[in-house]
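*Asks:* This is entry-v1.cif (mmCIF, C-alpha atoms).
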```
data_protein
loop_
_atom_site.label_atom_id
_atom_site.label_comp_id
_atom_site.auth_asym_id
_atom_site.auth_seq_id
_atom_site.Cartn_x
_atom_site.Cartn_y
_atom_site.Cartn_z
CA MET E 859 20.74 40.09 15.72
CA SER E 860 17.70 39.98 13.41
CA ASP E 861 14.20 40.22 14.84
CA SER E 862 12.38 36.88 14.20
CA ARG E 863 9.02 38.12 15.43
CA PRO E 864 6.14 38.27 12.90
CA PRO E 865 5.84 41.70 11.27
CA GLY E 866 3.29 43.97 12.85
CA HIS E 867 3.47 42.30 16.26
CA HIS E 868 4.78 44.04 19.34
CA PRO E 869 6.11 42.33 22.47
CA ALA E 870 2.97 43.24 24.42
CA GLN E 871 0.76 41.63 21.74
CA LEU E 872 2.84 38.46 21.73
CA ALA E 873 2.67 38.19 25.50
CA ALA E 874 -1.12 38.48 25.42
CA GLN E 875 -1.55 35.34 23.30
CA PRO E 876 -2.78 32.22 25.21
CA VAL E 877 -0.04 29.77 25.99
CA PRO E 878 -0.81 26.44 24.29
CA GLN E 879 -1.07 23.42 26.53
CA PRO E 880 2.09 21.30 26.29
CA ALA E 881 1.57 18.89 23.40
CA ALA E 882 3.10 16.09 25.47
CA GLU E 883 0.10 16.15 27.81
CA LEU E 884 -2.55 15.67 25.13
CA PRO E 885 -2.01 11.99 24.23
CA GLY E 886 -2.27 11.02 27.87
CA ARG E 887 -5.39 13.11 28.34
CA PHE E 888 -7.03 11.41 25.37
CA LEU E 889 -6.11 7.93 26.56
CA ASP E 890 -7.40 8.74 30.04
CA ALA E 891 -10.68 9.92 28.51
CA ALA E 892 -10.99 6.75 26.44
CA VAL E 893 -10.25 4.56 29.46
CA GLY E 894 -12.87 6.45 31.44
CA LEU E 895 -15.48 5.81 28.75
CA LEU E 896 -14.57 2.12 28.62
CA ARG E 897 -15.00 1.89 32.38
CA ARG E 898 -18.43 3.49 32.10
CA ILE E 899 -19.37 0.97 29.41
CA ARG E 900 -18.22 -1.87 31.64
CA ASP E 901 -20.07 -0.59 34.69
CA GLU E 902 -23.25 0.83 33.14
CA GLU E 903 -23.91 -1.29 30.03
CA SER E 904 -23.11 -4.77 31.32
CA ASP E 905 -26.77 -5.85 31.43
CA GLY E 906 -27.37 -4.63 27.89
CA ILE E 907 -24.24 -6.36 26.65
CA LEU E 908 -25.42 -9.64 28.15
CA ARG E 909 -28.89 -9.21 26.63
CA ALA E 910 -27.38 -8.49 23.24
CA GLY E 911 -25.12 -11.52 23.50
CA SER E 912 -28.09 -13.68 24.44
CA LEU E 913 -30.10 -12.44 21.43
CA ILE E 914 -27.20 -13.27 19.13
CA ALA E 915 -26.96 -16.74 20.65
CA ASP E 916 -30.73 -17.16 20.19
CA THR E 917 -30.37 -16.27 16.52
CA VAL E 918 -27.44 -18.60 15.94
CA THR E 919 -29.10 -21.60 17.60
CA ALA E 920 -32.33 -20.97 15.68
CA GLY E 921 -30.51 -21.01 12.34
CA GLY E 922 -30.74 -17.26 11.75
CA ARG E 923 -28.17 -14.99 10.18
CA LEU E 924 -26.27 -12.10 11.76
CA PHE E 925 -25.69 -8.69 10.18
CA ALA E 926 -24.02 -5.45 11.26
CA PHE E 927 -24.48 -2.00 9.73
CA GLY E 928 -23.00 1.42 10.28
CA ALA E 929 -22.66 4.52 8.11
CA GLY E 930 -19.50 6.58 7.72
CA HIS E 931 -17.15 6.19 10.66
CA SER E 932 -19.85 4.22 12.46
CA SER E 933 -19.20 1.50 9.89
CA LEU E 934 -15.73 0.88 11.32
CA PRO E 935 -16.93 -0.95 14.47
CA ALA E 936 -19.35 -2.91 12.27
CA GLN E 937 -16.56 -3.97 9.94
CA ASP E 938 -14.41 -4.89 12.91
CA VAL E 939 -16.64 -7.86 13.80
CA VAL E 940 -16.88 -9.26 10.26
CA TYR E 941 -14.44 -11.96 9.06
CA ARG E 942 -12.30 -11.26 12.08
CA ALA E 943 -9.78 -13.55 13.77
CA GLY E 944 -11.28 -14.41 17.13
CA GLY E 945 -14.71 -13.31 15.98
CA LEU E 946 -17.96 -15.02 15.10
CA ALA E 947 -17.82 -16.30 11.54
CA LEU E 948 -21.55 -15.69 11.08
CA MET E 949 -21.41 -11.91 11.40
CA ASN E 950 -22.00 -10.28 7.99
CA LEU E 951 -21.67 -6.65 6.95
CA LEU E 952 -24.88 -5.13 5.61
CA SER E 953 -23.29 -2.89 3.04
CA VAL E 954 -24.78 0.25 1.51
CA PRO E 955 -22.70 1.57 -1.42
CA GLY E 956 -21.42 5.06 -0.73
CA VAL E 957 -22.31 4.86 2.96
CA THR E 958 -20.63 1.86 4.56
CA GLY E 959 -17.14 3.29 4.88
CA VAL E 960 -15.32 6.53 4.25
CA ASP E 961 -13.90 5.72 0.83
CA VAL E 962 -16.65 7.40 -1.20
CA ILE E 963 -15.57 10.54 -3.08
CA PRO E 964 -16.52 13.19 -2.24
CA ALA E 965 -16.58 12.12 1.39
CA THR E 966 -19.48 14.48 2.04
CA LEU E 967 -21.68 12.29 -0.18
CA GLY E 968 -21.77 9.59 2.48
CA SER E 969 -23.08 12.06 5.05
CA ALA E 970 -25.71 13.29 2.59
CA LEU E 971 -26.90 9.75 1.82
CA GLU E 972 -27.54 9.13 5.53
CA ARG E 973 -30.29 11.74 5.32
CA VAL E 974 -32.03 10.29 2.24
CA ASP E 975 -35.53 9.01 2.98
CA GLY E 976 -36.34 5.57 1.60
CA LEU E 977 -32.77 4.35 1.13
CA ALA E 978 -33.00 1.90 4.02
CA ASP E 979 -36.11 0.27 2.58
CA ALA E 980 -34.36 -0.22 -0.76
CA VAL E 981 -31.38 -1.80 0.99
CA LEU E 982 -33.46 -4.15 3.13
CA GLY E 983 -35.58 -5.07 0.13
CA THR E 984 -32.55 -6.37 -1.76
CA ALA E 985 -30.42 -7.69 1.13
CA PRO E 986 -30.39 -11.39 2.12
CA VAL E 987 -32.26 -10.70 5.35
CA ARG E 988 -35.33 -12.59 6.52
CA THR E 989 -37.53 -13.09 9.55
CA GLY E 990 -35.52 -14.53 12.43
CA ASP E 991 -32.26 -12.80 11.51
CA LEU E 992 -30.50 -10.21 13.69
CA LEU E 993 -29.16 -6.80 12.73
CA VAL E 994 -26.80 -4.63 14.77
CA ILE E 995 -27.14 -0.98 13.74
CA ILE E 996 -24.39 1.41 14.79
CA SER E 997 -25.02 5.14 14.62
CA LEU E 998 -23.36 7.62 16.94
CA SER E 999 -26.10 10.24 16.76
CA GLY E 1000 -28.95 7.93 15.75
CA ARG E 1001 -30.81 10.93 14.36
CA ASN E 1002 -30.56 10.56 10.58
CA ALA E 1003 -33.06 8.87 8.28
CA LEU E 1004 -30.89 5.91 7.30
CA PRO E 1005 -30.28 4.29 10.72
CA VAL E 1006 -33.77 5.11 11.97
CA GLU E 1007 -35.50 3.70 8.89
CA MET E 1008 -33.12 0.73 8.86
CA ALA E 1009 -34.20 -0.16 12.40
CA ARG E 1010 -37.88 0.40 11.65
CA GLY E 1011 -37.72 -1.63 8.45
CA ALA E 1012 -35.75 -4.46 10.01
CA GLY E 1013 -38.19 -4.74 12.88
CA ALA E 1014 -41.14 -4.78 10.48
CA ARG E 1015 -39.49 -7.66 8.61
CA GLY E 1016 -39.18 -9.72 11.78
CA LEU E 1017 -35.51 -9.11 12.51
CA THR E 1018 -34.13 -8.62 15.99
CA VAL E 1019 -32.50 -5.18 16.18
CA ILE E 1020 -29.63 -4.18 18.45
CA GLY E 1021 -28.82 -0.47 18.41
CA VAL E 1022 -25.44 0.97 19.37
CA THR E 1023 -25.64 4.72 19.77
CA SER E 1024 -25.00 7.68 22.04
CA VAL E 1025 -28.19 8.36 23.96
CA ALA E 1026 -26.88 11.86 24.72
CA TYR E 1027 -27.76 12.93 21.17
CA ALA E 1028 -31.42 12.11 21.72
CA GLU E 1029 -31.36 14.34 24.76
CA ALA E 1030 -29.49 17.28 23.22
CA THR E 1031 -30.39 17.33 19.50
CA GLU E 1032 -33.46 17.11 17.32
CA ALA E 1033 -34.22 14.10 15.17
CA ARG E 1034 -33.27 14.58 11.52
CA ASN E 1035 -35.76 12.24 9.86
CA PRO E 1036 -39.48 12.35 8.97
CA HIS E 1037 -40.43 10.13 11.90
CA GLY E 1038 -39.07 12.50 14.53
CA THR E 1039 -37.44 9.61 16.39
CA PHE E 1040 -33.98 8.25 17.12
CA LEU E 1041 -32.36 4.88 16.55
CA LYS E 1042 -32.82 4.03 20.21
CA ASP E 1043 -36.60 4.19 19.79
CA HIS E 1044 -36.74 1.20 17.41
CA CYS E 1045 -34.47 -1.45 18.92
CA ASP E 1046 -34.93 -4.59 20.97
CA VAL E 1047 -31.75 -3.71 22.90
CA VAL E 1048 -29.98 -0.34 23.03
CA LEU E 1049 -26.31 -0.06 23.97
CA ASP E 1050 -25.25 3.45 24.96
CA SER E 1051 -21.69 4.28 23.92
CA LYS E 1052 -21.62 7.23 26.36
CA ILE E 1053 -19.95 9.44 23.75
CA SER E 1054 -20.66 13.12 24.29
CA VAL E 1055 -22.38 15.20 21.63
CA GLY E 1056 -19.81 16.27 19.09
CA ASP E 1057 -17.53 13.25 19.59
CA ALA E 1058 -14.45 15.20 20.69
CA GLU E 1059 -12.86 14.49 24.06
CA LEU E 1060 -10.29 17.28 24.31
CA THR E 1061 -10.03 21.04 24.32
CA ALA E 1062 -6.82 23.02 24.69
CA ASP E 1063 -5.57 26.57 24.57
CA GLY E 1064 -4.53 27.56 21.08
CA ILE E 1065 -6.81 25.00 19.40
CA ASP E 1066 -10.07 26.54 18.23
CA ALA E 1067 -12.26 23.42 18.05
CA PRO E 1068 -12.74 20.39 20.30
CA PHE E 1069 -10.73 17.42 19.03
CA ALA E 1070 -9.72 13.77 19.57
CA PRO E 1071 -12.83 11.65 18.89
CA ALA E 1072 -13.19 8.44 20.89
CA SER E 1073 -16.30 6.89 19.36
CA THR E 1074 -14.45 4.37 17.19
CA VAL E 1075 -12.28 2.89 19.92
CA VAL E 1076 -15.13 2.82 22.43
CA THR E 1077 -17.78 1.44 20.08
CA SER E 1078 -15.39 -1.18 18.71
CA ALA E 1079 -14.66 -2.34 22.25
CA LEU E 1080 -18.39 -2.40 23.00
CA MET E 1081 -19.01 -4.56 19.93
CA GLN E 1082 -16.24 -6.98 20.90
CA ALA E 1083 -17.72 -7.23 24.39
CA VAL E 1084 -21.04 -8.22 22.82
CA MET E 1085 -19.31 -10.83 20.65
CA ALA E 1086 -17.57 -12.23 23.74
CA SER E 1087 -20.89 -12.41 25.54
CA ALA E 1088 -22.47 -14.23 22.59
CA ALA E 1089 -19.61 -16.76 22.43
CA GLY E 1090 -19.91 -17.43 26.14
CA GLU E 1091 -23.68 -17.80 25.93
CA LEU E 1092 -23.41 -20.28 23.05
CA ALA E 1093 -20.87 -22.35 24.97
CA ALA E 1094 -23.13 -22.31 28.04
CA ARG E 1095 -25.89 -23.80 25.88
CA GLY E 1096 -23.62 -26.56 24.69
CA VAL E 1097 -23.13 -25.02 21.24
CA THR E 1098 -19.61 -24.62 19.89
CA PRO E 1099 -19.27 -20.95 18.90
CA PRO E 1100 -18.35 -20.70 15.19
CA LEU E 1101 -15.21 -18.65 15.72
CA LEU E 1102 -12.49 -17.79 13.23
CA ARG E 1103 -8.79 -18.11 13.94
CA SER E 1104 -5.94 -16.00 12.68
CA GLY E 1105 -4.62 -17.08 9.31
CA ASN E 1106 -1.16 -16.18 10.58
CA VAL E 1107 -1.01 -19.06 13.06
CA ASP E 1108 -0.29 -22.63 12.04
CA GLY E 1109 -3.48 -24.42 11.10
CA GLY E 1110 -5.52 -21.21 11.00
CA HIS E 1111 -6.52 -21.45 7.34
CA ASP E 1112 -7.63 -25.07 7.66
CA TRP E 1113 -9.68 -24.23 10.75
CA ASN E 1114 -11.35 -21.28 9.04
CA ARG E 1115 -12.09 -23.26 5.89
CA ALA E 1116 -13.95 -25.86 7.93
CA VAL E 1117 -15.96 -23.20 9.79
CA LEU E 1118 -16.83 -21.27 6.64
CA ASP E 1119 -17.88 -24.42 4.82
CA GLY E 1120 -19.95 -25.63 7.76
CA TYR E 1121 -21.95 -22.41 7.88
CA ARG E 1122 -21.95 -21.64 4.17
CA ASP E 1123 -25.66 -20.85 4.08
CA ARG E 1124 -25.31 -18.07 6.67
CA ILE E 1125 -22.16 -16.35 5.43
CA PHE E 1126 -22.38 -13.75 2.66
CA TYR E 1127 -18.88 -12.24 2.55
CA ARG E 1128 -17.44 -15.04 0.41
CA HIS E 1129 -18.29 -16.52 -2.96
CA PRO E 1130 -20.56 -19.60 -2.90
#
```
Show how you would write the structure in this file as structure tokens.
*Replies:*
Amino acid sequence: MSDSRPPGHHPAQLAAQPVPQPAAELPGRFLDAAVGLLRRIRDEESDGILRAGSLIADTVTAGGRLFAFGAGHSSLPAQDVVYRAGGLALMNLLSVPGVTGVDVIPATLGSALERVDGLADAVLGTAPVRTGDLLVIISLSGRNALPVEMARGAGARGLTVIGVTSVAYAEATEARNPHGTFLKDHCDVVLDSKISVGDAELTADGIDAPFAPASTVVTSALMQAVMASAAGELAARGVTPPLLRSGNVDGGHDWNRAVLDGYRDRIFYRHP
């Protein structure tokens, strides 16, 4: 019988290698970790979620516009609340070319742009934002120039700012912007995603680096909780929440057309 062992390896060497954790255990471990984070969000961030929902309701009833921004993978939870079935029709994506998404090539350019001083001011200076509007800024680390300067600039322009970030980064890393501050330092409400530094929930024998990030699923759930709070707050004030329906249910397109037309002046993701 032929020897299938790698050349140069002896039985004693093979036996000394760490035994990898059974792959079948890892999906369950990740899901358990994600569920645990969601429970922490529910139990520890409920007051902040309600405050954020109330600020959104304040903005809607006052005739203001709603925007969400995130860079790189932090843009995914922002995009998830824009033009979304079951979501508020008024939520707009504040887009920054090359940053809002992960489709820029090379992908490393997006990360580099987050550290460019002055980019946020250029974006805010050309975006359809004005005093009385509201901006949700999502940044996992909250340490780079773009989210920090976006929050500072938005506040200076009279916008309400909600920050969604991991406060752990402010406690374990240094700010990477000229102001020496973090996103959390420039917001009217801060929502802590509870994600650990490094955004990787699992380690296992035979795998050199931590893996399985949970920030997207947790932050997206946190954003949807805020949207639910805002819808409930609007209804409590006697205001019909401008919600979209799925286009894949009967009557969905007609419903959405009426909502989009009724709030045309506050929606920027469609042509006039």
*Asks:* Could you list, as a PyMOL selection string, every residue matched by the PyMOL selection byres ((chain E and resi 1036-1053) around 8) in this structure?
*Replies:* chain E and resi 895+898-899+903+906-907+909-910+975+997-998+1000-1003+1005-1006+1009-1010+1013+1018-1026+1028+1032-1035+1054-1055+1057+1072-1073+1076-1077+1080
*Asks:* Evaluate the PyMOL selection byres ((chain E and resi 1082-1091) around 6) on the structure here and hand back the selected residues as a PDB file with C-alpha atoms, keeping the file's coordinate frame.
*Replies:*
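Generated file (selection.pdb):
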```pdb
ATOM      1  CA  ILE E 907     -24.240  -6.360  26.650  1.00  0.00           C
ATOM      2  CA  LEU E 908     -25.420  -9.640  28.150  1.00  0.00           C
ATOM      3  CA  GLY E 911     -25.120 -11.520  23.500  1.00  0.00           C
ATOM      4  CA  SER E 912     -28.090 -13.680  24.440  1.00  0.00           C
ATOM      5  CA  ILE E 914     -27.200 -13.270  19.130  1.00  0.00           C
ATOM      6  CA  ALA E 915     -26.960 -16.740  20.650  1.00  0.00           C
ATOM      7  CA  ALA E1079     -14.660  -2.340  22.250  1.00  0.00           C
ATOM      8  CA  LEU E1080     -18.390  -2.400  23.000  1.00  0.00           C
ATOM      9  CA  MET E1081     -19.010  -4.560  19.930  1.00  0.00           C
ATOM     10  CA  LEU E1092     -23.410 -20.280  23.050  1.00  0.00           C
ATOM     11  CA  ALA E1093     -20.870 -22.350  24.970  1.00  0.00           C
ATOM     12  CA  ALA E1094     -23.130 -22.310  28.040  1.00  0.00           C
ATOM     13  CA  PRO E1099     -19.270 -20.950  18.900  1.00  0.00           C
TER      14      PRO E1099
END
```
*Asks:* For Gly968 in chain E, which residue among E:Arg923, E:His931, E:Arg1103, E:Arg900 is the nearest when counting all atoms listed in the file?
*Replies:*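 Selected residue with least distance to Gly968 in chain E: E:His931.
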*Asks:* Could you check the closest approach to Thr917 in chain E for each of E:Met949, E:Leu1060, E:Ala929, E:Ala1067 and tell me which residue wins, using only C-alpha atoms?
*Replies:*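 Of E:Met949, E:Leu1060, E:Ala929, E:Ala1067, the one nearest Thr917 in chain E is E:Met949, counting only C-alpha atoms.
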*Asks:* For range 1105-1109 of chain E, list every protein, DNA or RNA residue within 12 Å, evaluated using all atoms listed in the file, and leave out those in the same chain fewer than 6 positions away; present the list as a PyMOL selection string.
*Replies:* chain E and resi 941-944+1115-1116
*Asks:* Can you tell me how far CA of Thr989 in chain E sits from CA of Gly922 in chain E, in Å to one decimal?
*Replies:* 8.3 Å
*Asks:* Since I can't run it myself right now, could you work out what the PyMOL selection byres ((chain E and resi 957) around 10) selects here and report it as a JSON list (two decimals) with C-alpha atoms, keeping the file's coordinate frame?
*Replies:*
```json
[["chain", "number", "residue", "atom", "x", "y", "z"],
["E", 927, "PHE", "CA", -24.48, -2.00, 9.73],
["E", 928, "GLY", "CA", -23.00, 1.42, 10.28],
["E", 929, "ALA", "CA", -22.66, 4.52, 8.11],
["E", 930, "GLY", "CA", -19.50, 6.58, 7.72],
["E", 931, "HIS", "CA", -17.15, 6.19, 10.66],
["E", 932, "SER", "CA", -19.85, 4.22, 12.46],
["E", 933, "SER", "CA", -19.20, 1.50, 9.89],
["E", 953, "SER", "CA", -23.29, -2.89, 3.04],
["E", 954, "VAL", "CA", -24.78, 0.25, 1.51],
["E", 955, "PRO", "CA", -22.70, 1.57, -1.42],
["E", 956, "GLY", "CA", -21.42, 5.06, -0.73],
["E", 958, "THR", "CA", -20.63, 1.86, 4.56],
["E", 959, "GLY", "CA", -17.14, 3.29, 4.88],
["E", 960, "VAL", "CA", -15.32, 6.53, 4.25],
["E", 961, "ASP", "CA", -13.90, 5.72, 0.83],
["E", 962, "VAL", "CA", -16.65, 7.40, -1.20],
["E", 965, "ALA", "CA", -16.58, 12.12, 1.39],
["E", 967, "LEU", "CA", -21.68, 12.29, -0.18],
["E", 968, "GLY", "CA", -21.77, 9.59, 2.48],
["E", 969, "SER", "CA", -23.08, 12.06, 5.05],
["E", 970, "ALA", "CA", -25.71, 13.29, 2.59],
["E", 971, "LEU", "CA", -26.90, 9.75, 1.82],
["E", 972, "GLU", "CA", -27.54, 9.13, 5.53],
["E", 1004, "LEU", "CA", -30.89, 5.91, 7.30]]
```
*Asks:* One decimal, Å: what's the distance from CA of Ser1104 in chain E over to CA of Gln937 in chain E, could you say?
*Replies:*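 Between CA of Ser1104 in chain E and CA of Gln937 in chain E the gap is 16.3 Å.
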*Asks:* Excluding same-chain residues fewer than 2 positions from Pro986 in chain E, what lies within 12 Å of it counting all atoms listed in the file, as a list in words?
*Replies:* Gly922, Arg923, Leu924, Phe925, Asn950, Leu951, Leu952, Ser953, Val981, Leu982, Gly983, Thr984, Arg988, Thr989, Gly990, Asp991, Leu992, Leu993, Ala1012, Arg1015, Leu1017, Asp1123, Arg1124, Ile1125, Phe1126 and Tyr1127 of chain E
*Asks:* Looking at E:Pro1100, E:Gly1110, E:Gly886, E:Pro880, which one is nearest to Leu946 in chain E, with distances taken over only C-alpha atoms?
*Replies:*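 Looking only at the distances to Leu946 in chain E, the closest residue turns out to be E:Pro1100.
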*Asks:* Which is closer to Met1008 in chain E than all the others in E:Glu1029, E:Asp979, E:Asp1066, E:Glu883, using only C-alpha atoms?
*Replies:*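 Using only C-alpha atoms, Met1008 in chain E sits closest to E:Asp979.
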*Asks:* Between E:Val939, E:Ile995, E:Ala947, E:Ala978, single out the one closest to Trp1113 in chain E, counting all atoms listed in the file.
*Replies:*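 For Trp1113 in chain E, the nearest of the given residues is E:Ala947.
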*Asks:* Would you compute the distance between CA of Val1097 in chain E and CA of Gly921 in chain E? Give it in Å to one decimal.
*Replies:*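 If I compute the distance from CA of Val1097 in chain E to CA of Gly921 in chain E, I get 12.2 Å.
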